[in-house]
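Chemist: Structure file input-v7.cif (mmCIF, C-alpha atoms) is given on the next line.
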data_input
#
loop_
_atom_site.label_atom_id
_atom_site.label_comp_id
_atom_site.auth_asym_id
_atom_site.auth_seq_id
_atom_site.Cartn_x
_atom_site.Cartn_y
_atom_site.Cartn_z
CA MET N 25 -7.08 10.74 -3.70
CA GLN N 26 -5.67 11.63 -7.08
CA PHE N 27 -7.59 10.53 -10.11
CA LYS N 28 -9.16 11.84 -13.26
CA THR N 29 -12.85 12.64 -13.03
CA ARG N 30 -14.35 10.28 -15.53
CA ALA N 31 -17.22 7.84 -15.65
CA LEU N 32 -16.53 4.54 -13.92
CA THR N 33 -15.85 1.88 -16.52
CA LEU N 34 -18.18 -1.06 -16.13
CA GLY N 35 -17.44 -4.54 -17.37
CA ALA N 36 -19.99 -6.24 -19.58
CA GLY N 37 -21.49 -8.16 -16.68
CA ALA N 38 -21.88 -5.13 -14.44
CA LEU N 39 -23.33 -3.08 -17.28
CA ALA N 40 -25.87 -5.78 -18.01
CA SER N 41 -26.78 -5.85 -14.34
CA ALA N 42 -27.24 -2.09 -14.36
CA LEU N 43 -29.65 -2.30 -17.27
CA VAL N 44 -31.61 -5.10 -15.62
CA LEU N 45 -31.85 -3.23 -12.35
CA GLY N 46 -32.95 -0.09 -14.13
CA ALA N 47 -35.69 -1.98 -15.96
CA CYS N 48 -36.91 -4.05 -13.02
CA SER N 49 -36.72 -1.64 -10.09
CA SER N 50 -40.20 -0.78 -8.88
CA GLY N 51 -38.98 2.14 -6.78
CA ASN N 52 -39.43 2.78 -3.08
CA VAL N 53 -42.34 3.90 -0.96
CA SER N 54 -41.60 7.62 -0.79
CA SER N 55 -42.92 11.13 -1.15
CA GLY N 56 -41.70 11.26 -4.73
CA ASP N 57 -40.01 14.65 -4.21
CA GLY N 58 -36.68 13.38 -3.03
CA SER N 59 -37.25 14.31 0.59
CA GLY N 60 -38.78 11.05 1.78
CA ALA N 61 -40.70 12.95 4.41
CA ALA N 62 -43.70 14.74 3.00
CA GLY N 63 -45.58 11.64 1.89
CA GLY N 64 -45.88 9.90 5.26
CA ASN N 65 -44.48 6.37 5.45
CA VAL N 66 -41.00 5.82 4.06
CA THR N 67 -39.14 2.61 3.25
CA LEU N 68 -35.35 2.83 3.10
CA ASN N 69 -33.52 0.10 1.21
CA VAL N 70 -29.98 -0.43 2.47
CA ALA N 71 -27.33 -2.45 0.61
CA THR N 72 -24.53 -3.61 2.88
CA VAL N 73 -21.78 -6.19 3.30
CA ASN N 74 -22.16 -9.28 5.47
CA ASN N 75 -19.58 -8.24 8.07
CA GLY N 76 -20.37 -8.52 11.77
CA GLN N 77 -20.71 -4.78 12.42
CA MET N 78 -23.16 -4.38 9.54
CA LYS N 79 -25.24 -7.27 10.84
CA ASP N 80 -25.31 -5.52 14.22
CA MET N 81 -26.67 -2.42 12.48
CA GLU N 82 -29.45 -4.54 11.02
CA LYS N 83 -30.24 -5.90 14.50
CA LEU N 84 -30.47 -2.37 15.89
CA LYS N 85 -32.67 -0.97 13.14
CA THR N 86 -35.74 -1.43 15.35
CA GLU N 87 -34.28 1.19 17.70
CA TYR N 88 -34.26 3.65 14.82
CA GLU N 89 -37.69 2.66 13.56
CA SER N 90 -39.17 3.08 17.04
CA ALA N 91 -37.69 6.56 17.32
CA ASN N 92 -38.83 7.47 13.80
CA PRO N 93 -42.45 6.30 13.33
CA GLY N 94 -43.38 5.83 9.70
CA THR N 95 -39.87 4.86 8.63
CA LYS N 96 -39.08 1.26 7.79
CA VAL N 97 -35.52 0.12 7.04
CA ASN N 98 -34.92 -2.91 4.81
CA PHE N 99 -31.46 -4.46 4.66
CA GLN N 100 -30.03 -6.40 1.75
CA VAL N 101 -26.88 -8.07 3.12
CA MET N 102 -24.46 -9.52 0.57
CA GLU N 103 -20.97 -10.96 0.30
CA GLU N 104 -18.36 -8.34 -0.53
CA ALA N 105 -17.96 -9.14 -4.23
CA ASP N 106 -21.73 -9.37 -4.75
CA LEU N 107 -22.24 -6.06 -2.95
CA ARG N 108 -19.70 -4.26 -5.13
CA SER N 109 -21.26 -5.61 -8.31
CA ALA N 110 -24.85 -4.83 -7.32
CA VAL N 111 -24.18 -1.36 -5.91
CA THR N 112 -21.89 -0.30 -8.77
CA ALA N 113 -24.49 -1.33 -11.33
CA ASP N 114 -27.33 0.38 -9.47
CA VAL N 115 -25.57 3.65 -8.73
CA ALA N 116 -23.89 3.98 -12.13
CA SER N 117 -27.16 3.39 -13.96
CA GLY N 118 -29.24 5.61 -11.66
CA ALA N 119 -31.73 2.78 -11.21
CA GLY N 120 -32.52 3.86 -7.65
CA GLN N 121 -32.96 0.41 -6.13
CA TYR N 122 -31.04 1.45 -2.99
CA ASP N 123 -31.49 4.53 -0.82
CA ILE N 124 -28.33 3.85 1.18
CA VAL N 125 -25.24 1.95 0.03
CA THR N 126 -22.18 0.61 1.81
CA ILE N 127 -19.08 1.50 -0.21
CA GLY N 128 -15.36 1.64 0.38
CA ALA N 129 -12.78 4.40 0.45
CA TYR N 130 -11.88 3.46 -3.14
CA GLU N 131 -15.30 4.20 -4.65
CA THR N 132 -16.44 7.17 -2.56
CA PRO N 133 -14.43 10.10 -4.00
CA GLN N 134 -14.75 8.82 -7.56
CA TRP N 135 -18.50 8.41 -7.33
CA GLY N 136 -18.79 11.77 -5.64
CA ALA N 137 -16.85 13.37 -8.47
CA ASN N 138 -19.25 11.72 -10.93
CA LYS N 139 -22.22 13.20 -9.00
CA TRP N 140 -23.56 9.73 -8.26
CA LEU N 141 -23.72 10.46 -4.52
CA VAL N 142 -25.39 13.10 -2.39
CA ASP N 143 -22.94 15.67 -1.03
CA LEU N 144 -23.32 15.32 2.74
CA THR N 145 -21.12 18.30 3.63
CA PRO N 146 -23.88 20.90 4.25
CA GLU N 147 -26.00 18.55 6.37
CA LEU N 148 -23.03 17.43 8.47
CA ALA N 149 -21.71 20.96 8.96
CA LYS N 150 -24.96 22.33 10.39
CA ASP N 151 -25.45 19.44 12.84
CA SER N 152 -23.21 20.21 15.83
CA ALA N 153 -24.44 17.13 17.70
CA TYR N 154 -23.13 14.88 14.92
CA ASP N 155 -19.67 16.44 15.36
CA VAL N 156 -18.13 15.75 11.95
CA GLY N 157 -14.77 16.97 13.30
CA ASP N 158 -14.66 13.90 15.53
CA ILE N 159 -14.19 11.62 12.50
CA LEU N 160 -10.57 10.44 12.23
CA PRO N 161 -8.87 12.83 9.73
CA PRO N 162 -7.23 10.15 7.50
CA VAL N 163 -10.56 8.38 7.11
CA ARG N 164 -12.45 11.60 6.44
CA ASP N 165 -9.91 12.69 3.82
CA ALA N 166 -10.23 9.35 2.02
CA ILE N 167 -13.99 9.76 1.50
CA SER N 168 -13.89 13.38 0.34
CA PHE N 169 -13.35 15.00 -3.05
CA GLU N 170 -12.43 18.66 -3.50
CA GLY N 171 -13.36 19.39 0.09
CA LYS N 172 -16.80 17.77 -0.13
CA GLN N 173 -17.69 14.70 1.93
CA PHE N 174 -19.75 12.14 0.04
CA ALA N 175 -20.10 9.44 2.71
CA VAL N 176 -19.78 8.91 6.43
CA PRO N 177 -17.54 6.16 7.86
CA PHE N 178 -19.26 3.25 9.56
CA TYR N 179 -15.91 1.87 10.57
CA GLY N 180 -12.28 2.33 9.62
CA GLU N 181 -9.48 -0.18 9.68
CA SER N 182 -5.96 -1.12 8.79
CA SER N 183 -4.66 -4.68 8.55
CA ILE N 184 -2.82 -6.58 11.28
CA LEU N 185 -1.56 -10.06 12.07
CA MET N 186 -3.80 -12.04 14.43
CA TYR N 187 -2.58 -15.25 16.03
CA ASN N 188 -3.69 -17.81 18.60
CA LYS N 189 -1.12 -17.57 21.38
CA GLU N 190 -1.98 -20.99 22.80
CA LEU N 191 -1.47 -22.76 19.47
CA LEU N 192 1.82 -20.98 18.78
CA ASP N 193 3.12 -21.64 22.30
CA LYS N 194 2.24 -25.31 22.00
CA ALA N 195 4.22 -25.53 18.74
CA GLY N 196 7.17 -23.62 20.16
CA ALA N 197 6.67 -20.66 17.82
CA SER N 198 6.78 -16.99 18.76
CA LEU N 199 6.33 -13.64 17.02
CA GLY N 200 7.20 -10.06 17.89
CA THR N 201 5.03 -7.00 17.33
CA ASN N 202 6.74 -6.18 14.01
CA PRO N 203 7.33 -9.54 12.26
CA THR N 204 8.63 -10.15 8.76
CA TRP N 205 6.73 -12.29 6.29
CA GLN N 206 9.47 -14.91 6.43
CA GLU N 207 9.14 -15.11 10.21
CA VAL N 208 5.39 -15.58 9.83
CA ALA N 209 5.83 -18.27 7.18
CA ASP N 210 8.32 -20.10 9.42
CA ALA N 211 5.95 -19.92 12.39
CA ALA N 212 3.05 -21.12 10.22
CA LYS N 213 5.01 -24.24 9.25
CA LYS N 214 5.74 -25.01 12.91
CA VAL N 215 2.11 -24.79 14.01
CA ASN N 216 0.56 -26.39 10.92
CA THR N 217 -1.14 -29.78 11.52
CA ALA N 218 -3.63 -31.98 9.72
CA ASP N 219 -6.45 -30.36 11.68
CA THR N 220 -5.19 -26.79 12.05
CA ALA N 221 -3.82 -24.58 9.29
CA GLY N 222 -0.74 -22.63 10.25
CA ILE N 223 -2.20 -19.54 8.60
CA CYS N 224 -5.39 -18.55 6.81
CA MET N 225 -5.23 -15.99 4.00
CA ARG N 226 -7.71 -14.73 1.44
CA GLY N 227 -7.68 -16.55 -1.88
CA LYS N 228 -11.18 -15.86 -3.21
CA PRO N 229 -11.05 -13.95 -6.53
CA GLY N 230 -11.90 -10.24 -6.35
CA TRP N 231 -9.97 -6.99 -6.04
CA GLY N 232 -11.48 -6.53 -2.57
CA ASP N 233 -10.99 -10.19 -1.66
CA LEU N 234 -7.67 -11.80 -2.65
CA PHE N 235 -6.02 -8.56 -3.68
CA ALA N 236 -6.75 -6.73 -0.42
CA PRO N 237 -3.93 -8.52 1.44
CA LEU N 238 -1.96 -9.66 -1.60
CA THR N 239 -1.38 -6.12 -2.89
CA THR N 240 0.14 -5.17 0.47
CA VAL N 241 2.43 -8.21 0.21
CA VAL N 242 3.48 -7.11 -3.28
CA GLN N 243 4.16 -3.57 -2.06
CA THR N 244 6.34 -4.63 0.87
CA PHE N 245 8.24 -6.96 -1.48
CA GLY N 246 9.07 -3.92 -3.62
CA GLY N 247 6.42 -4.15 -6.34
CA ASN N 248 3.38 -2.09 -7.29
CA TRP N 249 0.74 -1.87 -10.00
CA TYR N 250 2.30 1.07 -11.87
CA ASP N 251 5.36 3.27 -11.86
CA ASP N 252 5.03 7.05 -11.57
CA LYS N 253 4.43 7.29 -15.35
CA TRP N 254 1.47 4.85 -15.35
CA THR N 255 3.43 2.07 -16.96
CA ALA N 256 2.17 -1.24 -15.58
CA THR N 257 4.75 -3.11 -13.52
CA VAL N 258 2.92 -6.36 -12.79
CA ASN N 259 5.14 -8.65 -14.85
CA THR N 260 8.25 -7.93 -12.75
CA PRO N 261 10.56 -9.95 -10.47
CA GLU N 262 9.08 -8.21 -7.39
CA TRP N 263 5.54 -9.29 -8.24
CA LYS N 264 6.68 -12.82 -9.07
CA GLU N 265 8.56 -13.12 -5.79
CA ALA N 266 5.60 -11.83 -3.75
CA VAL N 267 2.91 -13.93 -5.48
CA THR N 268 5.09 -17.05 -5.39
CA PHE N 269 5.77 -16.49 -1.69
CA TYR N 270 2.03 -16.12 -1.02
CA LYS N 271 1.17 -19.36 -2.82
CA THR N 272 4.07 -21.29 -1.28
CA MET N 273 3.03 -20.23 2.20
CA LEU N 274 -0.53 -21.37 1.53
CA ASP N 275 0.68 -24.65 -0.03
CA GLU N 276 2.87 -25.43 2.97
CA SER N 277 0.76 -24.12 5.85
CA GLY N 278 -2.50 -22.61 4.62
CA GLU N 279 -6.12 -23.67 4.67
CA LYS N 280 -7.37 -26.27 2.23
CA ASP N 281 -8.91 -24.81 -0.95
CA PRO N 282 -7.79 -21.19 -0.27
CA VAL N 283 -9.55 -19.83 -3.36
CA SER N 284 -12.85 -20.30 -1.52
CA TYR N 285 -11.70 -18.24 1.48
CA SER N 286 -12.16 -14.54 2.15
CA PHE N 287 -12.75 -12.49 5.31
CA ASN N 288 -15.64 -14.39 6.86
CA GLU N 289 -14.24 -17.83 6.11
CA CYS N 290 -10.89 -17.04 7.75
CA LEU N 291 -12.64 -15.43 10.71
CA THR N 292 -14.62 -18.62 11.27
CA ALA N 293 -11.50 -20.77 10.91
CA LEU N 294 -9.67 -18.77 13.57
CA LYS N 295 -12.65 -18.82 15.94
CA GLU N 296 -13.02 -22.58 15.58
CA GLY N 297 -9.31 -23.27 16.07
CA LYS N 298 -8.92 -24.50 12.51
CA ALA N 299 -6.29 -21.86 11.78
CA ALA N 300 -3.57 -20.44 14.02
CA MET N 301 -2.83 -17.13 12.27
CA TRP N 302 -4.50 -14.67 9.96
CA ALA N 303 -3.27 -11.41 8.40
CA ASP N 304 -6.28 -9.27 7.51
CA ALA N 305 -8.53 -6.37 8.51
CA SER N 306 -7.98 -5.04 12.03
CA VAL N 307 -11.74 -4.87 12.55
CA ALA N 308 -11.70 -8.68 12.85
CA ALA N 309 -10.02 -8.35 16.25
CA SER N 310 -13.22 -7.00 17.76
CA MET N 311 -15.06 -10.12 16.60
CA LEU N 312 -12.34 -12.43 17.91
CA GLU N 313 -12.57 -10.72 21.31
CA ALA N 314 -16.38 -10.60 21.44
CA ALA N 315 -18.07 -12.12 24.47
CA ASP N 316 -19.30 -15.14 22.48
CA SER N 317 -15.97 -15.81 20.74
CA PRO N 318 -14.34 -19.16 21.61
CA VAL N 319 -10.88 -17.55 21.31
CA LYS N 320 -11.56 -14.46 23.40
CA GLY N 321 -8.46 -13.71 25.48
CA LYS N 322 -6.35 -16.25 23.58
CA MET N 323 -5.29 -13.98 20.73
CA GLY N 324 -2.15 -11.99 20.08
CA TYR N 325 -1.91 -9.04 17.67
CA ALA N 326 0.99 -7.62 15.69
CA HIS N 327 1.69 -5.18 12.86
CA MET N 328 1.16 -6.54 9.36
CA PRO N 329 4.24 -8.55 8.31
CA VAL N 330 6.84 -6.78 6.18
CA ASN N 331 9.74 -7.50 3.86
CA LYS N 332 11.40 -4.32 2.48
CA THR N 333 9.18 -1.65 4.06
CA LYS N 334 8.68 -0.59 7.67
CA GLU N 335 4.89 -1.05 7.50
CA SER N 336 2.56 -2.94 5.18
CA GLY N 337 -0.90 -2.40 6.65
CA TRP N 338 -3.68 -0.96 4.53
CA LEU N 339 -6.00 1.97 5.26
CA TRP N 340 -9.68 1.34 4.56
CA SER N 341 -13.14 2.31 5.65
CA TRP N 342 -16.59 0.96 5.00
CA ASN N 343 -18.89 3.93 4.57
CA LEU N 344 -22.55 4.74 4.22
CA ALA N 345 -23.51 6.90 1.26
CA VAL N 346 -26.75 8.11 -0.29
CA PRO N 347 -27.06 7.66 -4.08
CA SER N 348 -28.26 10.72 -5.98
CA SER N 349 -30.96 8.51 -7.51
CA THR N 350 -32.79 7.97 -4.20
CA LYS N 351 -36.34 9.25 -3.83
CA ASN N 352 -35.89 9.38 -0.07
CA LYS N 353 -32.95 11.74 0.28
CA ASP N 354 -33.79 13.42 3.60
CA ALA N 355 -34.81 10.19 5.31
CA ALA N 356 -31.70 8.42 3.99
CA VAL N 357 -29.36 11.17 5.18
CA LYS N 358 -31.00 11.11 8.58
CA PHE N 359 -30.44 7.36 8.89
CA VAL N 360 -26.77 7.39 7.85
CA LYS N 361 -26.12 10.13 10.38
CA TRP N 362 -27.76 8.03 13.10
CA ALA N 363 -25.82 4.90 12.17
CA THR N 364 -22.46 6.70 12.31
CA SER N 365 -23.11 8.93 15.32
CA LYS N 366 -21.60 8.97 18.80
CA ASP N 367 -24.96 7.81 20.15
CA TYR N 368 -24.94 4.79 17.83
CA ILE N 369 -21.47 3.83 19.09
CA LYS N 370 -22.82 3.86 22.65
CA LEU N 371 -25.96 1.97 21.58
CA VAL N 372 -23.87 -0.87 20.17
CA GLY N 373 -21.81 -0.96 23.34
CA THR N 374 -24.78 -1.16 25.68
CA LYS N 375 -27.06 -3.37 23.56
CA ILE N 376 -24.60 -5.77 21.92
CA GLY N 377 -21.25 -5.39 23.63
CA TRP N 378 -18.38 -2.91 23.80
CA SER N 379 -16.04 -5.16 21.84
CA ASN N 380 -18.54 -5.03 18.97
CA VAL N 381 -18.34 -1.24 18.63
CA PRO N 382 -17.40 -0.17 15.07
CA PRO N 383 -13.76 0.95 15.34
CA GLY N 384 -11.58 3.39 13.46
CA SER N 385 -14.18 6.01 12.62
CA ARG N 386 -14.32 8.46 15.56
CA THR N 387 -11.64 9.76 17.89
CA SER N 388 -14.09 9.87 20.79
CA THR N 389 -14.65 6.11 20.60
CA TYR N 390 -11.18 5.55 22.00
CA GLU N 391 -11.97 7.78 24.98
CA ILE N 392 -14.96 5.74 26.19
CA PRO N 393 -13.86 3.88 29.37
CA GLU N 394 -15.95 0.80 28.63
CA TYR N 395 -14.53 0.52 25.12
CA LYS N 396 -10.96 1.08 26.26
CA GLU N 397 -11.37 -1.81 28.69
CA ALA N 398 -13.11 -4.16 26.25
CA ALA N 399 -10.75 -3.40 23.35
CA ALA N 400 -7.52 -3.24 25.35
CA ALA N 401 -6.03 -6.18 23.43
CA TYR N 402 -6.34 -4.63 19.98
CA ALA N 403 -7.41 -0.96 20.05
CA PRO N 404 -3.91 0.46 20.72
CA ILE N 405 -2.23 -1.51 17.93
CA THR N 406 -5.05 -0.63 15.52
CA LEU N 407 -4.47 3.08 16.12
CA ASP N 408 -0.70 2.60 15.89
CA VAL N 409 -0.95 0.93 12.49
CA MET N 410 -3.53 3.35 11.11
CA SER N 411 -1.27 6.22 12.13
CA ALA N 412 1.91 4.61 10.78
CA VAL N 413 0.87 3.54 7.27
CA ASN N 414 1.57 5.84 4.33
CA PRO N 415 -1.14 5.79 1.63
CA LYS N 416 0.91 8.20 -0.52
CA GLN N 417 3.82 5.75 -0.76
CA PRO N 418 3.06 2.38 0.83
CA GLY N 419 5.69 0.53 -1.17
CA VAL N 420 9.38 0.97 -1.89
CA ASN N 421 8.97 3.38 -4.82
CA PRO N 422 6.86 6.53 -5.32
CA GLN N 423 3.42 6.08 -6.88
CA GLY N 424 1.19 8.44 -8.84
CA TRP N 425 -1.94 7.96 -6.72
CA VAL N 426 -3.05 7.87 -3.10
CA GLY N 427 -4.09 4.45 -1.84
CA ILE N 428 -2.56 1.30 -0.42
CA GLN N 429 -4.39 -1.88 -1.39
CA TYR N 430 -5.95 -0.34 -4.51
CA VAL N 431 -5.23 2.10 -7.33
CA SER N 432 -7.57 5.09 -7.26
CA ILE N 433 -8.57 5.05 -10.92
CA PRO N 434 -12.01 4.02 -12.19
CA GLU N 435 -10.66 1.09 -14.20
CA PHE N 436 -9.04 -0.62 -11.26
CA GLN N 437 -12.15 -2.43 -10.06
CA ASP N 438 -12.45 -4.32 -13.33
CA VAL N 439 -8.69 -4.84 -13.75
CA GLY N 440 -8.35 -6.00 -10.14
CA ASN N 441 -11.18 -8.49 -10.46
CA GLN N 442 -9.80 -10.03 -13.65
CA CYS N 443 -6.25 -10.18 -12.31
CA ALA N 444 -7.45 -11.69 -9.03
CA GLN N 445 -9.06 -14.52 -10.99
CA LEU N 446 -5.78 -15.10 -12.83
CA ILE N 447 -3.81 -15.24 -9.57
CA ALA N 448 -6.47 -17.47 -7.98
CA ASP N 449 -6.06 -19.87 -10.88
CA TYR N 450 -2.33 -19.96 -10.14
CA ILE N 451 -2.95 -20.56 -6.43
CA ALA N 452 -5.29 -23.41 -7.37
CA ASN N 453 -2.63 -24.92 -9.70
CA ARG N 454 -4.65 -24.22 -12.81
CA SER N 455 -1.97 -22.00 -14.39
CA SER N 456 1.61 -20.81 -13.94
CA VAL N 457 2.72 -17.63 -12.21
CA ASP N 458 4.29 -16.35 -15.44
CA ASP N 459 1.07 -16.90 -17.38
CA ALA N 460 -1.02 -15.19 -14.68
CA LEU N 461 1.24 -12.16 -14.35
CA GLY N 462 1.72 -11.83 -18.09
CA LYS N 463 -2.02 -11.63 -18.73
CA CYS N 464 -2.52 -9.31 -15.77
CA GLN N 465 0.22 -7.02 -17.13
CA GLU N 466 -1.72 -6.62 -20.37
CA LEU N 467 -4.94 -5.77 -18.51
CA ALA N 468 -3.20 -3.30 -16.23
CA GLN N 469 -1.39 -1.58 -19.10
CA LYS N 470 -4.61 -0.91 -20.98
CA ALA N 471 -5.95 0.86 -17.89
CA GLY N 472 -2.67 2.70 -17.29
CA ASP N 473 -2.61 4.02 -20.86
CA ALA N 474 -5.80 5.96 -20.14
CA HIS N 475 -3.97 7.96 -17.47
CA LYS N 476 -0.63 8.66 -19.12
CA GLY N 477 0.10 12.33 -19.57
#
Can you give me the file's structure in the form of structure tokens?

Modeler:
Amino acid sequence: MQFKTRALTLGAGALASALVLGACSSGNVSSGDGSGAAGGNVTLNVATVNNGQMKDMEKLKTEYESANPGTKVNFQVMEEADLRSAVTADVASGAGQYDIVTIGAYETPQWGANKWLVDLTPELAKDSAYDVGDILPPVRDAISFEGKQFAVPFYGESSILMYNKELLDKAGASLGTNPTWQEVADAAKKVNTADTAGICMRGKPGWGDLFAPLTTVVQTFGGNWYDDKWTATVNTPEWKEAVTFYKTMLDESGEKDPVSYSFNECLTALKEGKAAMWADASVAASMLEAADSPVKGKMGYAHMPVNKTKESGWLWSWNLAVPSSTKNKDAAVKFVKWATSKDYIKLVGTKIGWSNVPPGSRTSTYEIPEYKEAAAAYAPITLDVMSAVNPKQPGVNPQGWVGIQYVSIPEFQDVGNQCAQLIADYIANRSSVDDALGKCQELAQKAGDAHKG
């Protein structure tokens, strides 16, 4: 990723949280020397997101604790926006509340550059059994800075279109493997009923919530956050067309109250037959095809819909990192290696189910016969999309950073959150599109000015 090495800018709320955490944290049970080994019993505090694969990791922690007597692992599972706020505040302030944090490809290289994270490169290089070379190269590159790896991927993903074949067939709608957004909107109108939304899309405010899919829509419609000179380009016809299309599709065929929906809400809607389609993270396919899923075997999968580009999927990974402020460094590093190892992949497969295996992190995962069979419906298209997307230029025009559904500058988290609220207000009919984009343009330009020249 290309960005200037500078301290991450915190909003007033996050900064206040950082100060509170720093004042209130009582520390962890540890050796006090940073190793987390010499003092006997160790408690590792893990902050993670409430996605299915992370909850599976929490279920399997007893396997690790049994194999490592004296180590206890505590999980704090949060919604995505809450996780970002809590972890950013803790890591930036050095409060040390968490020994292990779940962070995205956006944060990892920036925080590594700021020396907020432990450099895992030496530990990974000397452990041949871990096989760091097995990590998918695009994912590994995204979580490195200047050749140093500051996290390990728990799972990687792109975004795809997921649809209930039975519901579409019943409505007389059909989709190919490379649909356009207009084709999807037309199909959504056909299948939409009083009880079943034609499509479910994220509308919850947050740069990692609403803007995860919406930014890819903007990019395939020809827009982007900045031009190659860091001039904000939010208040443009391309943005207006994309955002208006998004809202119109939700108004005509989407779920009720979309501003309360993000990943988990749309996943539930699709499982329960309350939505026919969903364009979102490819990792969701493994949950839709899980043994206990009501729609297992009923789903179809396609590339993310497009308009002016050939592809519009994102490239993302949820990663485990160790904050530099931990007092349990060695124990924390040991755990993140276990949770992202080849053995852990097999453990999930045998204990929970092969369709639940964290995807998109290791090449060897796709060579396991049991996984290939269980993930036959979605694994090939996931790899196709992850290989086809272009994080250097995902939209129509060149961009001055590497990244698809985010801008890899420290200010983007705050700008994205504020702009997402403005767009959510428009989706909820509390403002106009011109008002939302105009205010977002001002926010984005202030951030862009810091990077000009």

Chemist: So which one's closest to Val208 in chain N, N:Ala293, N:Met328, N:Ala119, N:Ala105? Using all atoms listed in the file, please.

Modeler: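 Looking at the shortest contact to Val208 in chain N, the residue is N:Met328.
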
Chemist: Would you please work out which residue, of N:Phe436, N:Tyr325, N:Trp425, N:Tyr402, is nearest to Lys189 in chain N when using all atoms listed in the file?

Modeler: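 Among the listed residues, N:Tyr325 lies closest to Lys189 in chain N.
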
Chemist: I'd like the box whose edges run along x, y and z of the file and which contains every listed atom of range 122-126 of chain N, padded by 3 Å per side; could you state its centre and edge lengths in Å, one decimal, as lines of an AutoDock Vina configuration file?

Modeler:
center_x = -26.8
center_y = 2.6
center_z = -0.6
size_x = 15.3
size_y = 9.9
size_z = 10.8

Chemist: On this file, the PyMOL selection byres ((chain N and resi 183) around 9) gives some set of residues; write that set as a list in words.

Modeler: Glu181, Ser182, Ile184, Leu185, Pro237, Ala303, Asp304, Ala305, Ser306, Val307, His327, Met328, Ser336, Gly337, Trp338, Leu339, Trp340, Thr406, Val409 and Met410 of chain N

Chemist: Using all atoms listed in the file, determine which residues lie at most 10 Å from range 427-429 of chain N, disregarding the query and same-chain residues fewer than 3 positions distant; provide the list as a PyMOL selection string.

Modeler: chain N and resi 25-26+129-130+166+231-232+235-243+248+336-340+413-419+423-424+432

Chemist: Check what the PyMOL selection byres ((chain N and resi 312) around 10) selects in the file above and give those residues as a short mmCIF file (atom, residue, chain, number, x, y, z; two decimals) with C-alpha atoms, in the frame of the given file.

Modeler:
data_model
loop_
_atom_site.label_atom_id
_atom_site.label_comp_id
_atom_site.auth_asym_id
_atom_site.auth_seq_id
_atom_site.Cartn_x
_atom_site.Cartn_y
_atom_site.Cartn_z
CA MET N 186 -3.80 -12.04 14.43
CA LEU N 291 -12.64 -15.43 10.71
CA THR N 292 -14.62 -18.62 11.27
CA LEU N 294 -9.67 -18.77 13.57
CA LYS N 295 -12.65 -18.82 15.94
CA VAL N 307 -11.74 -4.87 12.55
CA ALA N 308 -11.70 -8.68 12.85
CA ALA N 309 -10.02 -8.35 16.25
CA SER N 310 -13.22 -7.00 17.76
CA MET N 311 -15.06 -10.12 16.60
CA GLU N 313 -12.57 -10.72 21.31
CA ALA N 314 -16.38 -10.60 21.44
CA ALA N 315 -18.07 -12.12 24.47
CA ASP N 316 -19.30 -15.14 22.48
CA SER N 317 -15.97 -15.81 20.74
CA PRO N 318 -14.34 -19.16 21.61
CA VAL N 319 -10.88 -17.55 21.31
CA LYS N 320 -11.56 -14.46 23.40
CA GLY N 321 -8.46 -13.71 25.48
CA LYS N 322 -6.35 -16.25 23.58
CA MET N 323 -5.29 -13.98 20.73
CA SER N 379 -16.04 -5.16 21.84
CA ASN N 380 -18.54 -5.03 18.97
#

Chemist: How many Å lie between CA of Glu276 in chain N and CA of Lys213 in chain N, rounded to one decimal?

Modeler: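 Rounded to one decimal, the two atoms are 6.7 Å apart.
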
Chemist: Once the PyMOL selection byres ((chain N and resi 464) around 8) is applied to the coordinates I shared, what remains selected? I want it as an NGL selection string.

Modeler: :N and (258-259 or 439 or 442-443 or 446 or 460-463 or 465-468)

Chemist: Between CA of Tyr450 in chain N and CA of Pro229 in chain N, what is the distance, to one decimal in Å?

Modeler: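 Between CA of Tyr450 in chain N and CA of Pro229 in chain N the gap works out to 11.2 Å.
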
Chemist: Quick check, in Å to one decimal: how far apart do CA of Pro282 in chain N and CA of Gly227 in chain N lie?

Modeler: 4.9 Å

Chemist: Please provide the set of residues having any atom within 12 Å of Lys361 in chain N, restricted to only C-alpha atoms, with same-chain residues fewer than 3 positions apart removed, written as a short mmCIF file (atom, residue, chain, number, x, y, z; two decimals) with C-alpha atoms, in the coordinates of the input.

Modeler:
data_model
loop_
_atom_site.label_atom_id
_atom_site.label_comp_id
_atom_site.auth_asym_id
_atom_site.auth_seq_id
_atom_site.Cartn_x
_atom_site.Cartn_y
_atom_site.Cartn_z
CA TYR N 88 -34.26 3.65 14.82
CA ILE N 124 -28.33 3.85 1.18
CA LEU N 144 -23.32 15.32 2.74
CA THR N 145 -21.12 18.30 3.63
CA GLU N 147 -26.00 18.55 6.37
CA LEU N 148 -23.03 17.43 8.47
CA ALA N 149 -21.71 20.96 8.96
CA ASP N 151 -25.45 19.44 12.84
CA SER N 152 -23.21 20.21 15.83
CA ALA N 153 -24.44 17.13 17.70
CA TYR N 154 -23.13 14.88 14.92
CA ASP N 155 -19.67 16.44 15.36
CA VAL N 156 -18.13 15.75 11.95
CA ALA N 175 -20.10 9.44 2.71
CA VAL N 176 -19.78 8.91 6.43
CA PRO N 177 -17.54 6.16 7.86
CA PHE N 178 -19.26 3.25 9.56
CA ASN N 343 -18.89 3.93 4.57
CA LEU N 344 -22.55 4.74 4.22
CA ALA N 345 -23.51 6.90 1.26
CA VAL N 346 -26.75 8.11 -0.29
CA ASP N 354 -33.79 13.42 3.60
CA ALA N 355 -34.81 10.19 5.31
CA ALA N 356 -31.70 8.42 3.99
CA VAL N 357 -29.36 11.17 5.18
CA LYS N 358 -31.00 11.11 8.58
CA THR N 364 -22.46 6.70 12.31
CA SER N 365 -23.11 8.93 15.32
CA LYS N 366 -21.60 8.97 18.80
CA ASP N 367 -24.96 7.81 20.15
CA TYR N 368 -24.94 4.79 17.83
CA ILE N 369 -21.47 3.83 19.09
#
